[in-house]
file upload_36.txt (compact mmCIF, C-alpha atoms and all ligand atoms)
# COMPACT_ATOMS: atom_id res chain seq x y z
CA MET J 1 0.00 0.00 0.00
CA ASN J 2 1.43 3.34 -1.08
CA ALA J 3 0.11 6.08 1.19
CA LEU J 4 1.80 8.79 -0.86
CA GLU J 5 -0.16 7.70 -3.95
CA ILE J 6 -3.39 7.30 -1.96
CA ARG J 7 -2.94 10.81 -0.55
CA LYS J 8 -3.17 12.25 -4.06
CA LEU J 9 -6.79 11.04 -4.22
CA PHE J 10 -7.83 13.27 -1.29
CA PRO J 11 -8.11 16.86 -2.61
CA ILE J 12 -8.56 18.42 0.84
CA LEU J 13 -5.13 17.26 2.00
CA HIS J 14 -3.38 19.42 -0.58
CA GLN J 15 -3.70 22.78 1.08
CA GLU J 16 -1.80 24.99 3.49
CA VAL J 17 -3.19 25.75 6.93
CA ASN J 18 -1.70 28.70 8.77
CA GLY J 19 1.12 28.85 6.26
CA HIS J 20 2.09 25.16 6.56
CA PRO J 21 1.13 22.11 4.48
CA LEU J 22 -1.84 20.49 6.24
CA VAL J 23 -1.18 17.37 8.33
CA TYR J 24 -4.57 15.88 9.11
CA LEU J 25 -4.43 13.68 12.22
CA ASP J 26 -8.10 13.72 13.23
CA SER J 27 -9.57 10.86 11.22
CA ALA J 28 -11.08 9.23 14.31
CA ALA J 29 -13.38 12.26 14.48
CA THR J 30 -14.08 12.15 10.76
CA SER J 31 -12.10 10.92 7.77
CA GLN J 32 -11.40 12.86 4.60
CA LYS J 33 -13.06 11.86 1.31
CA PRO J 34 -11.37 10.61 -1.87
CA VAL J 35 -12.28 11.88 -5.35
CA GLN J 36 -14.09 8.59 -6.04
CA VAL J 37 -16.63 9.32 -3.29
CA ILE J 38 -17.00 13.02 -4.14
CA GLU J 39 -17.48 12.07 -7.81
CA ALA J 40 -20.09 9.38 -7.02
CA ILE J 41 -22.21 11.88 -5.07
CA LYS J 42 -21.80 14.52 -7.79
CA GLN J 43 -22.81 12.04 -10.49
CA TYR J 44 -25.80 10.90 -8.46
CA TYR J 45 -27.08 14.47 -8.19
CA GLU J 46 -26.24 15.33 -11.78
CA ARG J 47 -27.74 12.19 -13.33
CA ASP J 48 -29.99 10.08 -11.09
CA ASN J 49 -31.49 12.15 -8.26
CA ALA J 50 -35.09 11.25 -7.41
CA ASN J 51 -36.93 9.87 -4.40
CA VAL J 52 -36.72 6.11 -3.87
CA HIS J 53 -39.32 3.33 -3.65
CA ARG J 54 -42.06 5.60 -5.02
CA GLY J 55 -42.23 6.68 -8.62
CA VAL J 56 -42.30 4.45 -11.65
CA HIS J 57 -40.25 6.98 -13.61
CA THR J 58 -36.72 6.23 -14.78
CA LEU J 59 -34.86 8.50 -12.39
CA GLY J 60 -36.87 7.03 -9.50
CA SER J 61 -35.82 3.51 -10.40
CA ARG J 62 -32.18 4.57 -10.90
CA ALA J 63 -32.15 6.24 -7.48
CA THR J 64 -33.77 3.17 -5.92
CA ASP J 65 -31.22 0.88 -7.58
CA ALA J 66 -28.36 3.09 -6.36
CA TYR J 67 -29.72 3.15 -2.81
CA GLU J 68 -30.45 -0.58 -2.61
CA GLY J 69 -27.17 -1.34 -4.38
CA ALA J 70 -25.35 0.52 -1.60
CA ARG J 71 -27.15 -1.66 0.95
CA GLU J 72 -25.83 -4.78 -0.80
CA LYS J 73 -22.32 -3.33 -0.63
CA VAL J 74 -22.64 -2.82 3.12
CA GLN J 75 -23.99 -6.35 3.49
CA ARG J 76 -21.02 -7.85 1.64
CA PHE J 77 -18.56 -5.54 3.40
CA LEU J 78 -19.74 -6.75 6.84
CA HIS J 79 -20.36 -10.29 5.57
CA ALA J 80 -23.95 -10.17 6.80
CA ARG J 81 -26.13 -13.10 5.76
CA HIS J 82 -29.02 -11.04 4.31
CA THR J 83 -29.41 -7.56 2.77
CA GLU J 84 -32.46 -6.92 4.92
CA GLU J 85 -30.20 -7.12 7.97
CA ILE J 86 -28.70 -3.75 6.98
CA ILE J 87 -30.62 -0.67 8.07
CA PHE J 88 -29.37 2.70 6.93
CA THR J 89 -29.10 5.21 9.76
CA ARG J 90 -27.49 8.61 10.27
CA GLY J 91 -24.50 6.96 11.91
CA THR J 92 -23.40 4.93 14.91
CA THR J 93 -25.29 7.12 17.39
CA THR J 94 -28.62 6.63 15.62
CA ALA J 95 -27.96 2.91 15.13
CA LEU J 96 -27.24 2.32 18.83
CA ASN J 97 -30.22 4.43 19.88
CA LEU J 98 -32.43 2.32 17.65
CA VAL J 99 -31.37 -0.86 19.45
CA ALA J 100 -31.64 0.75 22.89
CA SER J 101 -35.03 2.32 22.17
CA SER J 102 -36.64 -0.59 20.38
CA TYR J 103 -34.97 -3.87 21.34
CA ALA J 104 -33.86 -3.03 24.89
CA ARG J 105 -37.16 -1.51 25.90
CA SER J 106 -39.06 -4.55 24.68
CA VAL J 107 -36.90 -7.23 26.35
CA CYS J 108 -35.63 -5.64 29.59
CA ARG J 109 -37.59 -5.81 32.83
CA GLU J 110 -36.85 -4.87 36.44
CA GLY J 111 -34.00 -7.04 37.73
CA ASP J 112 -32.45 -7.59 34.28
CA GLU J 113 -28.98 -6.31 33.49
CA ILE J 114 -27.41 -4.35 30.65
CA VAL J 115 -23.62 -4.70 30.57
CA ILE J 116 -21.24 -2.14 29.05
CA THR J 117 -17.72 -0.83 29.84
CA PRO J 118 -16.39 2.49 31.19
CA MET J 119 -14.50 3.11 27.92
CA GLU J 120 -17.70 3.57 25.89
CA HIS J 121 -18.31 6.66 23.79
CA HIS J 122 -21.35 8.57 25.10
CA SER J 123 -23.28 7.13 22.12
CA ASN J 124 -22.87 3.65 23.55
CA LEU J 125 -23.47 4.68 27.14
CA ILE J 126 -26.32 7.16 27.43
CA PRO J 127 -28.79 5.13 25.31
CA TRP J 128 -28.28 2.22 27.76
CA GLN J 129 -28.56 4.50 30.81
CA GLN J 130 -31.88 5.70 29.44
CA ALA J 131 -33.06 2.19 28.53
CA ALA J 132 -32.15 0.99 32.04
CA LYS J 133 -34.06 3.87 33.62
CA ALA J 134 -37.09 3.25 31.41
CA THR J 135 -37.26 -0.50 32.09
CA GLY J 136 -35.93 -0.84 35.65
CA ALA J 137 -32.94 -2.84 34.42
CA THR J 138 -29.55 -2.38 36.09
CA LEU J 139 -26.62 -0.95 34.14
CA LYS J 140 -23.41 -2.87 34.93
CA TYR J 141 -19.82 -2.22 33.89
CA ILE J 142 -17.05 -4.64 32.98
CA PRO J 143 -14.13 -3.04 34.87
CA LEU J 144 -10.98 -1.91 33.07
CA GLN J 145 -7.49 -3.26 33.72
CA PRO J 146 -4.87 -0.69 34.83
CA ASP J 147 -3.77 -0.26 31.16
CA GLY J 148 -7.35 0.28 29.99
CA SER J 149 -7.92 -3.16 28.45
CA ILE J 150 -10.63 -5.67 29.38
CA SER J 151 -9.87 -9.07 30.90
CA LEU J 152 -11.96 -12.08 29.92
CA THR J 153 -12.11 -13.07 33.60
CA ASP J 154 -13.91 -9.80 34.33
CA VAL J 155 -16.18 -10.44 31.35
CA GLU J 156 -17.08 -13.86 32.84
CA ASN J 157 -17.64 -12.32 36.26
CA THR J 158 -19.82 -9.44 35.08
CA ILE J 159 -22.18 -11.17 32.64
CA THR J 160 -24.79 -13.32 34.41
CA ASP J 161 -28.04 -15.10 33.64
CA LYS J 162 -29.81 -11.80 34.41
CA THR J 163 -27.93 -10.04 31.59
CA LYS J 164 -30.10 -9.29 28.57
CA ILE J 165 -27.78 -7.06 26.56
CA VAL J 166 -24.01 -6.60 26.38
CA SER J 167 -22.78 -3.60 24.37
CA VAL J 168 -19.07 -2.99 23.85
CA VAL J 169 -16.93 -0.83 21.60
CA TYR J 170 -14.74 -2.87 19.20
CA VAL J 171 -11.93 -0.27 19.00
CA SER J 172 -11.81 2.48 21.63
CA ASN J 173 -11.65 6.02 20.22
CA VAL J 174 -9.42 7.07 23.14
CA LEU J 175 -7.33 4.10 24.26
CA GLY J 176 -6.84 2.44 20.90
CA VAL J 177 -7.76 -0.86 22.58
CA VAL J 178 -9.17 -3.61 20.36
CA ASN J 179 -11.70 -5.41 22.54
CA PRO J 180 -12.24 -9.17 22.31
CA VAL J 181 -15.82 -8.75 21.10
CA LYS J 182 -16.03 -12.27 19.63
CA GLU J 183 -15.19 -13.81 23.01
CA ILE J 184 -17.51 -11.37 24.82
CA ALA J 185 -20.32 -12.32 22.40
CA ALA J 186 -19.75 -16.01 23.15
CA THR J 187 -20.02 -15.35 26.90
CA ALA J 188 -23.13 -13.20 26.39
CA HIS J 189 -24.77 -15.95 24.36
CA ARG J 190 -23.98 -18.62 26.97
CA HIS J 191 -26.09 -16.54 29.36
CA GLY J 192 -28.86 -15.93 26.81
CA ALA J 193 -27.91 -12.26 26.33
CA LYS J 194 -27.54 -10.38 23.04
CA MET J 195 -24.31 -8.74 21.91
CA VAL J 196 -24.17 -5.23 20.48
CA VAL J 197 -20.91 -3.93 18.95
CA ASP J 198 -20.05 -0.25 18.51
CA GLY J 199 -18.09 -0.46 15.27
CA ALA J 200 -17.51 3.27 14.73
CA GLN J 201 -13.72 2.97 15.01
CA SER J 202 -13.22 -0.61 13.81
CA THR J 203 -15.13 -0.65 10.50
CA PRO J 204 -12.89 1.94 8.77
CA HIS J 205 -9.66 0.22 9.75
CA MET J 206 -9.99 -3.56 9.80
CA LYS J 207 -11.85 -6.41 8.16
CA VAL J 208 -15.13 -7.01 9.97
CA ASP J 209 -17.19 -10.18 9.70
CA VAL J 210 -20.39 -9.99 11.71
CA GLN J 211 -21.08 -13.70 11.26
CA ASP J 212 -17.65 -14.61 12.54
CA LEU J 213 -18.00 -12.25 15.52
CA ASP J 214 -21.49 -13.67 16.00
CA CYS J 215 -22.70 -10.30 17.28
CA ASP J 216 -26.43 -9.61 17.25
CA PHE J 217 -26.16 -5.93 16.35
CA TYR J 218 -23.29 -3.90 14.86
CA ALA J 219 -23.26 -0.11 14.39
CA LEU J 220 -21.09 1.95 12.04
CA SER J 221 -20.63 5.52 10.78
CA GLY J 222 -19.90 6.19 7.11
CA HIS J 223 -18.09 9.49 7.69
CA LYS J 224 -15.24 7.76 9.52
CA MET J 225 -14.62 5.49 6.52
CA CYS J 226 -14.32 7.93 3.61
CA ALA J 227 -18.08 8.34 3.09
CA PRO J 228 -20.05 11.56 3.69
CA THR J 229 -21.50 12.61 7.03
CA GLY J 230 -25.12 11.71 7.76
CA ILE J 231 -24.98 8.07 6.67
CA GLY J 232 -24.28 4.95 8.69
CA ALA J 233 -25.76 1.54 9.24
CA LEU J 234 -27.10 -0.87 11.79
CA TYR J 235 -26.59 -4.57 11.18
CA GLY J 236 -29.02 -6.74 13.11
CA LYS J 237 -29.74 -10.44 12.97
CA LYS J 238 -32.87 -10.93 10.92
CA GLU J 239 -34.75 -12.91 13.57
CA LEU J 240 -34.24 -10.06 16.06
CA LEU J 241 -35.05 -7.20 13.69
CA GLU J 242 -38.20 -9.01 12.57
CA ASN J 243 -39.59 -8.81 16.08
CA MET J 244 -38.60 -5.22 16.78
CA GLU J 245 -40.94 -2.25 16.78
CA PRO J 246 -39.97 0.73 14.59
CA ILE J 247 -39.07 3.91 16.47
CA GLU J 248 -39.90 6.33 13.68
CA TYR J 249 -43.24 6.29 11.93
CA GLY J 250 -44.33 7.99 8.70
CA GLY J 251 -43.74 7.70 4.99
CA GLU J 252 -41.68 4.92 3.36
CA MET J 253 -41.99 2.51 6.32
CA ILE J 254 -45.67 1.57 6.08
CA ASP J 255 -47.53 -1.15 4.26
CA PHE J 256 -51.22 -0.36 4.89
CA VAL J 257 -52.55 2.74 6.67
CA ASP J 258 -56.09 3.13 7.95
CA LEU J 259 -57.56 5.82 10.15
CA TYR J 260 -56.83 4.00 13.40
CA GLU J 261 -54.43 1.18 12.50
CA SER J 262 -51.42 0.72 10.24
CA THR J 263 -49.01 -2.05 9.30
CA TRP J 264 -45.33 -1.87 8.49
CA LYS J 265 -43.22 -2.74 5.48
CA ASP J 266 -40.87 -5.70 5.57
CA LEU J 267 -37.29 -5.44 6.74
CA PRO J 268 -35.27 -3.29 6.41
CA TRP J 269 -37.59 -0.48 5.27
CA ARG J 270 -39.80 -0.51 8.36
CA PHE J 271 -36.87 1.07 10.22
CA GLU J 272 -36.26 3.73 7.57
CA GLY J 273 -39.19 6.12 7.98
CA GLY J 274 -39.18 9.21 5.74
CA THR J 275 -37.11 10.00 2.67
CA PRO J 276 -33.82 8.23 3.28
CA ILE J 277 -30.26 9.52 2.98
CA ILE J 278 -29.98 8.47 -0.67
CA ALA J 279 -26.89 10.41 -1.78
CA GLY J 280 -25.21 9.47 1.51
CA ALA J 281 -25.80 5.79 0.83
CA VAL J 282 -24.40 6.21 -2.69
CA GLY J 283 -21.33 7.84 -1.15
CA LEU J 284 -21.00 5.03 1.38
CA GLY J 285 -21.17 2.46 -1.43
CA ALA J 286 -18.39 4.30 -3.29
CA ALA J 287 -16.31 4.50 -0.09
CA ILE J 288 -16.67 0.74 0.43
CA ASP J 289 -15.52 0.08 -3.16
CA PHE J 290 -12.56 2.39 -2.58
CA LEU J 291 -11.53 0.76 0.72
CA GLN J 292 -11.96 -2.75 -0.68
CA ASP J 293 -9.84 -1.94 -3.73
CA ILE J 294 -6.99 -0.98 -1.39
CA GLY J 295 -7.77 -3.85 1.00
CA LEU J 296 -8.73 -3.58 4.65
CA GLU J 297 -5.80 -5.80 5.69
CA ASN J 298 -3.39 -3.42 3.93
CA ILE J 299 -4.99 -0.40 5.59
CA HIS J 300 -4.83 -2.08 9.00
CA HIS J 301 -1.21 -3.06 8.56
CA HIS J 302 -0.26 0.45 7.37
CA GLU J 303 -1.90 2.05 10.42
CA GLU J 304 -0.31 -0.37 12.87
CA LYS J 305 3.08 0.45 11.38
CA LEU J 306 2.37 4.18 11.58
CA ALA J 307 1.21 3.87 15.21
CA ALA J 308 4.38 1.93 16.11
CA TYR J 309 6.48 4.59 14.39
CA ALA J 310 4.56 7.32 16.24
CA MET J 311 5.02 5.57 19.61
CA ASP J 312 8.72 5.45 18.87
CA ARG J 313 9.06 9.07 17.78
CA LEU J 314 6.84 10.42 20.56
CA SER J 315 8.93 8.61 23.18
CA GLU J 316 11.61 11.24 22.37
CA ILE J 317 9.47 13.73 24.29
CA PRO J 318 10.01 13.07 28.02
CA ASP J 319 6.89 14.77 29.44
CA LEU J 320 4.50 13.13 27.03
CA VAL J 321 2.06 10.67 28.68
CA ILE J 322 0.44 8.18 26.31
CA TYR J 323 -2.81 6.51 27.40
CA GLY J 324 -3.82 2.92 26.73
CA PRO J 325 -1.99 -0.40 26.38
CA LYS J 326 1.61 -0.25 25.23
CA GLY J 327 1.55 -3.03 22.61
CA LYS J 328 0.35 -3.02 19.00
CA ARG J 329 -2.48 -0.59 18.40
CA PRO J 330 -4.58 0.65 15.54
CA GLY J 331 -3.94 4.14 14.28
CA LEU J 332 -4.65 6.42 17.18
CA ILE J 333 -2.61 7.81 20.04
CA THR J 334 -4.09 9.76 22.93
CA PHE J 335 -1.72 11.79 25.04
CA ASN J 336 -1.02 14.71 27.31
CA LEU J 337 2.03 16.91 27.33
CA GLY J 338 2.99 17.58 30.95
CA ASP J 339 0.52 20.00 32.52
CA VAL J 340 -0.24 21.82 29.32
CA HIS J 341 -3.96 21.80 28.64
CA PRO J 342 -4.67 19.68 25.54
CA HIS J 343 -6.62 22.55 23.99
CA ASP J 344 -3.45 24.64 24.18
CA VAL J 345 -1.46 21.77 22.66
CA ALA J 346 -3.97 21.46 19.80
CA THR J 347 -3.95 25.24 19.25
CA VAL J 348 -0.15 25.41 18.94
CA LEU J 349 -0.14 22.35 16.66
CA ASP J 350 -2.82 23.95 14.50
CA ALA J 351 -0.65 27.05 14.13
CA GLU J 352 1.87 24.67 12.52
CA GLY J 353 -0.77 23.12 10.25
CA VAL J 354 -1.12 19.92 12.31
CA ALA J 355 -4.76 19.01 13.08
CA VAL J 356 -5.35 16.89 16.22
CA ARG J 357 -8.39 16.60 18.46
CA ALA J 358 -8.42 17.75 22.08
CA GLY J 359 -11.11 17.34 24.70
CA HIS J 360 -12.97 14.51 26.39
CA HIS J 361 -13.66 12.73 23.08
CA CYS J 362 -17.25 12.06 24.18
CA CYS J 363 -15.91 9.72 26.87
CA GLN J 364 -16.32 11.63 30.13
CA PRO J 365 -16.45 8.52 32.40
CA LEU J 366 -13.25 7.24 30.76
CA MET J 367 -11.55 10.64 31.28
CA ARG J 368 -12.41 10.37 35.00
CA TRP J 369 -10.98 6.85 35.05
CA LEU J 370 -7.78 8.17 33.39
CA LYS J 371 -7.76 11.02 35.94
CA ALA J 372 -7.48 13.49 33.08
CA SER J 373 -9.95 16.32 32.46
CA ALA J 374 -9.14 16.07 28.76
CA THR J 375 -6.52 14.67 26.39
CA ALA J 376 -5.09 15.33 22.95
CA ARG J 377 -5.40 12.67 20.25
CA ALA J 378 -3.64 12.07 16.96
CA SER J 379 -5.44 9.58 14.75
CA PHE J 380 -4.23 8.18 11.44
CA TYR J 381 -5.77 6.75 8.32
CA LEU J 382 -4.70 5.32 4.99
CA TYR J 383 -3.54 8.71 3.68
CA ASN J 384 -1.12 9.46 6.55
CA THR J 385 2.62 8.92 6.27
CA GLU J 386 5.70 8.80 8.49
CA GLN J 387 6.39 12.38 7.42
CA ASP J 388 3.10 13.37 9.08
CA ILE J 389 4.30 11.75 12.32
CA ASP J 390 7.62 13.60 12.00
CA ARG J 391 5.73 16.89 11.62
CA LEU J 392 3.65 16.03 14.70
CA THR J 393 6.72 15.13 16.75
CA ASP J 394 8.62 18.27 15.76
CA ALA J 395 5.60 20.47 16.44
CA LEU J 396 5.11 18.82 19.85
CA LYS J 397 8.74 19.45 20.73
CA ARG J 398 8.24 23.13 19.91
CA THR J 399 4.97 23.15 21.91
CA LYS J 400 6.89 21.79 24.88
CA GLU J 401 9.46 24.58 24.59
CA TYR J 402 6.72 27.18 24.23
CA PHE J 403 4.97 26.01 27.40
CA SER J 404 8.11 25.01 29.30
CA HIS J 405 7.01 27.09 32.30
CA ALA J 406 3.83 24.99 32.61
CA ILE J 407 5.67 21.68 32.43
CA GLY J 408 8.11 22.83 35.09
N1 LIG J 501 -18.64 5.28 19.03
C1 LIG J 501 -17.33 5.56 18.94
C2 LIG J 501 -16.33 4.56 19.44
C3 LIG J 501 -16.91 6.74 18.36
O1 LIG J 501 -15.60 7.00 18.27
C4 LIG J 501 -17.88 7.66 17.88
C5 LIG J 501 -17.49 9.00 17.33
C6 LIG J 501 -19.23 7.30 17.98
C7 LIG J 501 -19.57 6.11 18.58
C8 LIG J 501 -20.31 8.17 17.47
O2 LIG J 501 -20.29 8.24 16.09
P1 LIG J 501 -21.24 9.21 15.27
O3 LIG J 501 -20.76 9.10 13.87
O4 LIG J 501 -22.63 8.74 15.46
O5 LIG J 501 -21.04 10.59 15.85
N2 LIG J 501 -16.27 9.45 17.80
C9 LIG J 501 -15.73 10.68 17.66
C10 LIG J 501 -14.45 10.98 18.12
O6 LIG J 501 -13.71 10.20 18.70
N3 LIG J 501 -14.20 12.27 17.86
O7 LIG J 501 -15.26 12.78 17.25
C11 LIG J 501 -16.22 11.81 17.11
call {"tool": "encode", "arguments": {"input": "upload_36.txt", "output": "structure tokens"}}
result
Amino acid sequence: MNALEIRKLFPILHQEVNGHPLVYLDSAATSQKPVQVIEAIKQYYERDNANVHRGVHTLGSRATDAYEGAREKVQRFLHARHTEEIIFTRGTTTALNLVASSYARSVCREGDEIVITPMEHHSNLIPWQQAAKATGATLKYIPLQPDGSISLTDVENTITDKTKIVSVVYVSNVLGVVNPVKEIAATAHRHGAKMVVDGAQSTPHMKVDVQDLDCDFYALSGHKMCAPTGIGALYGKKELLENMEPIEYGGEMIDFVDLYESTWKDLPWRFEGGTPIIAGAVGLGAAIDFLQDIGLENIHHHEEKLAAYAMDRLSEIPDLVIYGPKGKRPGLITFNLGDVHPHDVATVLDAEGVAVRAGHHCCQPLMRWLKASATARASFYLYNTEQDIDRLTDALKRTKEYFSHAIG
């Protein structure tokens, strides 16, 4: 995989920011888009745009084919058994809320348990808090090891016969931990519970096979994997989705409507009320083609190498604290530079054209566990190179000098 060649396909990366060539290290927040995706959306609007599943006119059937074709791409990409197991959503947040609002509220009762971890993004935490409150279920946490990973012994000890749902992030957006979701799913199933996987940070960077993981639900966001914002997907096992109540009612999702009663369409459309995100789905389909052409294994390997190189280079900076396990990690590194506030770090880096994220990363309970009010994070993708890491390291060294009074 040649990142320098791939980079050429991302127009946004070829600009100066604050007088320096841009180094974009915030792909965990959102990835940049290649010309193939931008072109697919442009072509859709210039040639095919119409509403789907309605008209008999030619543009209507082209738009429907494009939208349903994108669903098939997502199905194959995740290796789901059936296309109707793929529901288009706005992203991971909407997908997880759908499961928590529909499935959890129908199966959980007082005394039942919902199990998550303290490293969850707010999107995989608050929906379960709310579902627990609404149903009387108890929210339980698999504790974290001192390095932020999860031990299978703790998984065994936390999940019980009272557990109805286990929901865990596959790759943490802060710690860079890859959780053993396949093993957790097996434990959940032994106790009759269902397994939900937050795939926001795994889907863009590694090969995912929902049948192999044997998860019951899997959520993803298109914008983190080269697709536009506003499109994502929920995978759900057919037998579960078939028995779930929609959470949005209106056009597109109904079969028969009478004054006092209505019936719903088949899967997956009953969960896609209203005009769907058609151009977004087209963009997601193009992004999947793009990523598959390069190969998810190649992307994963490239990012692991970059992360290892970054760990090496950043170790040259004595006051830099890196969070999460020390071993191999996917392409993200969360850190703090002495006592300098991460917002200040990010501001100085930005002045040098280096874009990183600073804040709580939508993981406030995890920040408390790390005993940090906030952190900075550099995250990599297929278009990043070792030169980008060098620019980050050099800029951090200068940041350290600039704030040397604060580091002491
Ligand atoms: N889950 C994880 C693990 C995430 O990293 C994110 C977004 C979400 C869920 C929510 O995804 P959305 O597309 O529905 O918003 N994470 C981040 C981040 O780390 N920085 O900005 C967004």
call {"tool": "atom_distance", "arguments": {"input": "upload_36.txt", "atom1": "atom C6 of ligand LIG 501 (chain J)", "atom2": "CA of Val178 in chain J"}}
result
15.0 Å
call {"tool": "closest_residue", "arguments": {"input": "upload_36.txt", "among": "J:Leu284, J:His361, J:His191, J:Val181", "to": "ligand LIG 501 (chain J)", "atoms": "all atoms listed in the file"}}
result
J:His361
call {"tool": "residues_near_ligand", "arguments": {"input": "upload_36.txt", "ligand": "ligand LIG 501 (chain J)", "cutoff": "6 Å", "atoms": "all atoms listed in the file", "output": "list in words"}}
result
Ala28, Ala29, Gly91, Thr92, Thr93, His121, Ser123, Val169, Ser172, Asn173, Asp198, Ala200, Gln201, Ser221 and His361 of chain J
call {"tool": "closest_residue", "arguments": {"input": "upload_36.txt", "among": "J:Lys207, J:His14, J:Arg81, J:Lys140", "to": "Gln292 in chain J", "atoms": "all atoms listed in the file"}}
result
J:Lys207
call {"tool": "closest_residue", "arguments": {"input": "upload_36.txt", "among": "J:Leu234, J:Ile278, J:Leu13, J:Leu175", "to": "Leu25 in chain J", "atoms": "only C-alpha atoms"}}
result
J:Leu13
call {"tool": "residues_around", "arguments": {"input": "upload_36.txt", "residues": "Ala134 in chain J", "least_positions_apart": "2", "cutoff": "12 Å", "atoms": "only C-alpha atoms", "output": "list in words"}}
result
Ala100, Ser101, Ser102, Ala104, Arg105, Ser106, Val107, Cys108, Arg109, Glu110, Pro127, Trp128, Gln129, Gln130, Ala131, Ala132, Gly136, Ala137, Thr138 and Leu139 of chain J
call {"tool": "write_last_selection", "arguments": {"input": "upload_36.txt", "atoms": "C-alpha atoms", "output": "compact mmCIF listing (two decimals), in the coordinates of the input"}}
result
# COMPACT_ATOMS: atom_id res chain seq x y z
CA ALA J 100 -31.64 0.75 22.89
CA SER J 101 -35.03 2.32 22.17
CA SER J 102 -36.64 -0.59 20.38
CA ALA J 104 -33.86 -3.03 24.89
CA ARG J 105 -37.16 -1.51 25.90
CA SER J 106 -39.06 -4.55 24.68
CA VAL J 107 -36.90 -7.23 26.35
CA CYS J 108 -35.63 -5.64 29.59
CA ARG J 109 -37.59 -5.81 32.83
CA GLU J 110 -36.85 -4.87 36.44
CA PRO J 127 -28.79 5.13 25.31
CA TRP J 128 -28.28 2.22 27.76
CA GLN J 129 -28.56 4.50 30.81
CA GLN J 130 -31.88 5.70 29.44
CA ALA J 131 -33.06 2.19 28.53
CA ALA J 132 -32.15 0.99 32.04
CA GLY J 136 -35.93 -0.84 35.65
CA ALA J 137 -32.94 -2.84 34.42
CA THR J 138 -29.55 -2.38 36.09
CA LEU J 139 -26.62 -0.95 34.14
call {"tool": "closest_residue", "arguments": {"input": "upload_36.txt", "among": "J:Met206, J:Val35, J:Leu144, J:Leu213", "to": "Ala287 in chain J", "atoms": "all atoms listed in the file"}}
result
J:Val35
call {"tool": "residues_around", "arguments": {"input": "upload_36.txt", "residues": "Val208 in chain J", "least_positions_apart": "4", "cutoff": "8 Å", "atoms": "all atoms listed in the file", "output": "short mmCIF file (atom, residue, chain, number, x, y, z; two decimals) with C-alpha atoms, keeping the file's coordinate frame"}}
result
data_model
loop_
_atom_site.label_atom_id
_atom_site.label_comp_id
_atom_site.auth_asym_id
_atom_site.auth_seq_id
_atom_site.Cartn_x
_atom_site.Cartn_y
_atom_site.Cartn_z
CA PHE J 77 -18.56 -5.54 3.40
CA LEU J 78 -19.74 -6.75 6.84
CA HIS J 79 -20.36 -10.29 5.57
CA SER J 202 -13.22 -0.61 13.81
CA THR J 203 -15.13 -0.65 10.50
#
call {"tool": "closest_residue", "arguments": {"input": "upload_36.txt", "among": "J:Asp344, J:Glu5, J:Glu303, J:Glu46", "to": "Tyr381 in chain J", "atoms": "all atoms listed in the file"}}
result
J:Glu303
call {"tool": "axis_aligned_box", "arguments": {"input": "upload_36.txt", "around": "range 215-234 of chain J", "padding_each_side": "3 Å", "output": "AutoDock Vina command-line options"}}
result
--center_x -20.7 --center_y 1.2 --center_z 10.2 --size_x 18.8 --size_y 28.9 --size_z 20.2
call {"tool": "atom_distance", "arguments": {"input": "upload_36.txt", "atom1": "CA of Ile317 in chain J", "atom2": "CA of Phe380 in chain J"}}
result
19.6 Å
call {"tool": "atom_distance", "arguments": {"input": "upload_36.txt", "atom1": "CA of Thr58 in chain J", "atom2": "CA of Phe256 in chain J"}}
result
25.3 Å
call {"tool": "residues_around", "arguments": {"input": "upload_36.txt", "residues": "Arg54 in chain J", "least_positions_apart": "3", "cutoff": "9 Å", "atoms": "only C-alpha atoms", "output": "PyMOL selection string"}}
result
chain J and resi 51+57+60-61+64+252
call {"tool": "closest_residue", "arguments": {"input": "upload_36.txt", "among": "J:Asp266, J:Glu352, J:Glu248, J:Asp154", "to": "Thr393 in chain J", "atoms": "only C-alpha atoms"}}
result
J:Glu352
call {"tool": "residues_around", "arguments": {"input": "upload_36.txt", "residues": "Lys305 in chain J", "least_positions_apart": "3", "cutoff": "10 Å", "atoms": "only C-alpha atoms", "output": "list in words"}}
result
Ile299, His300, His301, His302, Ala308, Tyr309, Ala310, Met311, Lys328, Arg329, Pro330, Gly331, Thr385 and Glu386 of chain J
call {"tool": "write_last_selection", "arguments": {"input": "upload_36.txt", "atoms": "C-alpha atoms", "output": "tab-separated table (two decimals), keeping the file's coordinate frame"}}
result
chain	number	residue	atom	x	y	z
J	299	ILE	CA	-4.99	-0.40	5.59
J	300	HIS	CA	-4.83	-2.08	9.00
J	301	HIS	CA	-1.21	-3.06	8.56
J	302	HIS	CA	-0.26	0.45	7.37
J	308	ALA	CA	4.38	1.93	16.11
J	309	TYR	CA	6.48	4.59	14.39
J	310	ALA	CA	4.56	7.32	16.24
J	311	MET	CA	5.02	5.57	19.61
J	328	LYS	CA	0.35	-3.02	19.00
J	329	ARG	CA	-2.48	-0.59	18.40
J	330	PRO	CA	-4.58	0.65	15.54
J	331	GLY	CA	-3.94	4.14	14.28
J	385	THR	CA	2.62	8.92	6.27
J	386	GLU	CA	5.70	8.80	8.49
